[in-house]
Amino acid sequence: MFLTSNTFAQTDFPTVFPQPILVLDQESLFNNSKLGQAILLIQAERRTVLMQESRNISEAFEIEEKQLTKTRSGLSVDEFHILSEDFDVRVQAARESQLVKDVELQRSVDDQRRRFLVIAAPFLSNIMYKYRASAIVDQRSVLLFDRNIDITSEAILALDFAFEQNPELAIEKE
């Protein structure tokens, strides 16, 4: 049985006045804004430092391993076993330490992306207010849309202006 009463329809469902929905390409906003690029540069520099540190450690262990192999013939089995066990323990510890640093770097990258969105939020809010929109959705969440509601370029310009006024926005506060 269906209720078709006008009273039911008017009291149970609010009247909705359509408001625009805007579309934003979050990846483009991050990758193409000066703030996002500055953050990416800082992350790349940190990654380079970590990779160089890993290479240096690896090279030092290779040299040590060759020396250990050379001295093997002059050592007793027990002496060599003690030295090789110590070497293996240090190599494992170094690998684990580098892995922890890599995980911390990735966490920092994720934190920076979230921080970027926090910084961008007031600018996106202003754009939303300007167009009297009810929402901004990520482009990846929309199947089809009118390109006229894509605010990515406008958001990039707003963020670029803010970054030019305050380049410190890119620096992670501890």
# chains A, B, ... in the order shown; residues from 1 in each chain; ligands from 1
>>> residues_around(residues="A:Asn148", least_positions_apart="2", cutoff="10 Å", atoms="only C-alpha atoms", output="PyMOL selection string")
chain A and resi 22-23+145-146+150-151
>>> select_by_dssp(residues="stretch 107-139 of chain A", states="alpha helix (DSSP H)", output="list in words")
Arg107, Ser108, Val109, Asp110, Asp111, Gln112, Arg113, Arg114, Arg115, Phe116, Leu117, Val118, Ile119, Ala120, Ala121, Pro122, Phe123, Leu124, Ser125, Asn126, Ile127, Met128, Tyr129 and Lys130 of chain A
>>> write_last_selection(atoms="N, CA and C atoms", output="PDB file, in the first residue's frame")
ATOM      1  N   ARG A 107      55.570   8.430   5.787  1.00  0.00           N
ATOM      2  CA  ARG A 107      54.580   9.014   6.706  1.00  0.00           C
ATOM      3  C   ARG A 107      54.627  10.541   6.604  1.00  0.00           C
ATOM      4  N   SER A 108      55.814  11.088   6.509  1.00  0.00           N
ATOM      5  CA  SER A 108      55.976  12.531   6.364  1.00  0.00           C
ATOM      6  C   SER A 108      55.347  13.020   5.060  1.00  0.00           C
ATOM      7  N   VAL A 109      55.528  12.256   3.989  1.00  0.00           N
ATOM      8  CA  VAL A 109      54.929  12.600   2.696  1.00  0.00           C
ATOM      9  C   VAL A 109      53.404  12.638   2.834  1.00  0.00           C
ATOM     10  N   ASP A 110      52.842  11.623   3.472  1.00  0.00           N
ATOM     11  CA  ASP A 110      51.390  11.573   3.674  1.00  0.00           C
ATOM     12  C   ASP A 110      50.928  12.734   4.543  1.00  0.00           C
ATOM     13  N   ASP A 111      51.690  13.023   5.605  1.00  0.00           N
ATOM     14  CA  ASP A 111      51.348  14.142   6.491  1.00  0.00           C
ATOM     15  C   ASP A 111      51.388  15.466   5.728  1.00  0.00           C
ATOM     16  N   GLN A 112      52.375  15.619   4.862  1.00  0.00           N
ATOM     17  CA  GLN A 112      52.500  16.864   4.091  1.00  0.00           C
ATOM     18  C   GLN A 112      51.322  17.035   3.123  1.00  0.00           C
ATOM     19  N   ARG A 113      50.870  15.952   2.542  1.00  0.00           N
ATOM     20  CA  ARG A 113      49.706  16.040   1.642  1.00  0.00           C
ATOM     21  C   ARG A 113      48.463  16.460   2.425  1.00  0.00           C
ATOM     22  N   ARG A 114      48.304  15.899   3.621  1.00  0.00           N
ATOM     23  CA  ARG A 114      47.169  16.296   4.461  1.00  0.00           C
ATOM     24  C   ARG A 114      47.314  17.765   4.876  1.00  0.00           C
ATOM     25  N   ARG A 115      48.521  18.161   5.230  1.00  0.00           N
ATOM     26  CA  ARG A 115      48.775  19.548   5.620  1.00  0.00           C
ATOM     27  C   ARG A 115      48.492  20.492   4.454  1.00  0.00           C
ATOM     28  N   PHE A 116      48.840  20.064   3.255  1.00  0.00           N
ATOM     29  CA  PHE A 116      48.560  20.854   2.055  1.00  0.00           C
ATOM     30  C   PHE A 116      47.054  21.102   1.932  1.00  0.00           C
ATOM     31  N   LEU A 117      46.268  20.064   2.140  1.00  0.00           N
ATOM     32  CA  LEU A 117      44.815  20.222   2.038  1.00  0.00           C
ATOM     33  C   LEU A 117      44.263  21.138   3.138  1.00  0.00           C
ATOM     34  N   VAL A 118      44.876  21.078   4.315  1.00  0.00           N
ATOM     35  CA  VAL A 118      44.463  21.984   5.391  1.00  0.00           C
ATOM     36  C   VAL A 118      44.777  23.431   4.996  1.00  0.00           C
ATOM     37  N   ILE A 119      45.932  23.654   4.409  1.00  0.00           N
ATOM     38  CA  ILE A 119      46.312  24.999   3.951  1.00  0.00           C
ATOM     39  C   ILE A 119      45.385  25.448   2.828  1.00  0.00           C
ATOM     40  N   ALA A 120      45.036  24.534   1.928  1.00  0.00           N
ATOM     41  CA  ALA A 120      44.194  24.871   0.772  1.00  0.00           C
ATOM     42  C   ALA A 120      42.731  25.088   1.157  1.00  0.00           C
ATOM     43  N   ALA A 121      42.297  24.497   2.251  1.00  0.00           N
ATOM     44  CA  ALA A 121      40.872  24.519   2.619  1.00  0.00           C
ATOM     45  C   ALA A 121      40.253  25.926   2.646  1.00  0.00           C
ATOM     46  N   PRO A 122      40.878  26.923   3.276  1.00  0.00           N
ATOM     47  CA  PRO A 122      40.245  28.256   3.278  1.00  0.00           C
ATOM     48  C   PRO A 122      40.102  28.850   1.872  1.00  0.00           C
ATOM     49  N   PHE A 123      41.053  28.574   1.006  1.00  0.00           N
ATOM     50  CA  PHE A 123      40.988  29.090  -0.364  1.00  0.00           C
ATOM     51  C   PHE A 123      39.867  28.387  -1.135  1.00  0.00           C
ATOM     52  N   LEU A 124      39.755  27.093  -0.912  1.00  0.00           N
ATOM     53  CA  LEU A 124      38.676  26.338  -1.550  1.00  0.00           C
ATOM     54  C   LEU A 124      37.324  26.782  -1.002  1.00  0.00           C
ATOM     55  N   SER A 125      37.293  27.066   0.280  1.00  0.00           N
ATOM     56  CA  SER A 125      36.062  27.554   0.904  1.00  0.00           C
ATOM     57  C   SER A 125      35.645  28.899   0.299  1.00  0.00           C
ATOM     58  N   ASN A 126      36.613  29.768   0.075  1.00  0.00           N
ATOM     59  CA  ASN A 126      36.313  31.076  -0.544  1.00  0.00           C
ATOM     60  C   ASN A 126      35.744  30.897  -1.952  1.00  0.00           C
ATOM     61  N   ILE A 127      36.323  29.973  -2.700  1.00  0.00           N
ATOM     62  CA  ILE A 127      35.828  29.708  -4.057  1.00  0.00           C
ATOM     63  C   ILE A 127      34.417  29.131  -3.985  1.00  0.00           C
ATOM     64  N   MET A 128      34.210  28.237  -3.052  1.00  0.00           N
ATOM     65  CA  MET A 128      32.894  27.639  -2.868  1.00  0.00           C
ATOM     66  C   MET A 128      31.866  28.739  -2.548  1.00  0.00           C
ATOM     67  N   TYR A 129      32.245  29.650  -1.649  1.00  0.00           N
ATOM     68  CA  TYR A 129      31.362  30.753  -1.285  1.00  0.00           C
ATOM     69  C   TYR A 129      31.095  31.653  -2.501  1.00  0.00           C
ATOM     70  N   LYS A 130      32.134  31.935  -3.254  1.00  0.00           N
ATOM     71  CA  LYS A 130      32.014  32.801  -4.432  1.00  0.00           C
ATOM     72  C   LYS A 130      30.952  32.274  -5.394  1.00  0.00           C
TER      73      LYS A 130
END
>>> closest_residue(among="A:Ala170, A:Ile82, A:Glu27, A:Glu164", to="A:Gln139", atoms="only C-alpha atoms")
A:Glu27
>>> residues_around(residues="stretch 41-44 of chain A", least_positions_apart="4", cutoff="10 Å", atoms="only C-alpha atoms", output="ChimeraX atom specification")
/A:35-37,48-50,105-106,108-109,112,170-172
>>> write_last_selection(atoms="N, CA, C and O atoms", output="short mmCIF file (atom, residue, chain, number, x, y, z; two decimals), in the first residue's frame")
data_model
loop_
_atom_site.label_atom_id
_atom_site.label_comp_id
_atom_site.auth_asym_id
_atom_site.auth_seq_id
_atom_site.Cartn_x
_atom_site.Cartn_y
_atom_site.Cartn_z
N LEU A 35 52.97 25.90 -4.11
CA LEU A 35 53.09 25.31 -2.77
C LEU A 35 53.30 23.80 -2.87
O LEU A 35 54.20 23.26 -2.22
N GLY A 36 52.50 23.13 -3.66
CA GLY A 36 52.66 21.69 -3.83
C GLY A 36 54.03 21.34 -4.39
O GLY A 36 54.68 20.39 -3.95
N GLN A 37 54.49 22.11 -5.37
CA GLN A 37 55.80 21.86 -5.96
C GLN A 37 56.91 22.07 -4.96
O GLN A 37 57.89 21.31 -4.94
N THR A 48 66.47 11.88 -1.52
CA THR A 48 67.83 11.82 -2.05
C THR A 48 68.84 11.62 -0.92
O THR A 48 69.76 10.80 -1.04
N VAL A 49 68.67 12.36 0.17
CA VAL A 49 69.57 12.22 1.33
C VAL A 49 69.50 10.80 1.88
O VAL A 49 70.53 10.17 2.16
N LEU A 50 68.29 10.27 2.03
CA LEU A 50 68.11 8.91 2.55
C LEU A 50 68.73 7.87 1.61
O LEU A 50 69.41 6.94 2.07
N LEU A 105 59.77 8.59 6.33
CA LEU A 105 59.72 9.52 5.21
C LEU A 105 58.37 9.42 4.50
O LEU A 105 57.76 10.44 4.16
N GLN A 106 57.89 8.21 4.29
CA GLN A 106 56.60 8.04 3.63
C GLN A 106 55.48 8.62 4.49
O GLN A 106 54.57 9.26 3.98
N SER A 108 55.81 11.09 6.51
CA SER A 108 55.98 12.53 6.36
C SER A 108 55.35 13.02 5.06
O SER A 108 54.69 14.06 5.03
N VAL A 109 55.53 12.26 3.99
CA VAL A 109 54.93 12.60 2.70
C VAL A 109 53.40 12.64 2.83
O VAL A 109 52.75 13.59 2.39
N GLN A 112 52.38 15.62 4.86
CA GLN A 112 52.50 16.86 4.09
C GLN A 112 51.32 17.04 3.12
O GLN A 112 50.85 18.15 2.90
N ALA A 170 55.38 26.14 2.80
CA ALA A 170 55.88 24.83 2.36
C ALA A 170 56.68 24.11 3.43
O ALA A 170 56.87 22.90 3.36
N ILE A 171 57.14 24.84 4.43
CA ILE A 171 58.02 24.26 5.43
C ILE A 171 57.19 23.61 6.53
O ILE A 171 56.32 24.24 7.13
N GLU A 172 57.50 22.36 6.77
CA GLU A 172 56.80 21.59 7.80
C GLU A 172 57.19 22.12 9.16
O GLU A 172 58.36 22.21 9.49
#
>>> residues_around(residues="A:Glu65", least_positions_apart="6", cutoff="10 Å", atoms="only C-alpha atoms", output="NGL selection string")
:A and (59 or 71 or 84 or 87-88)
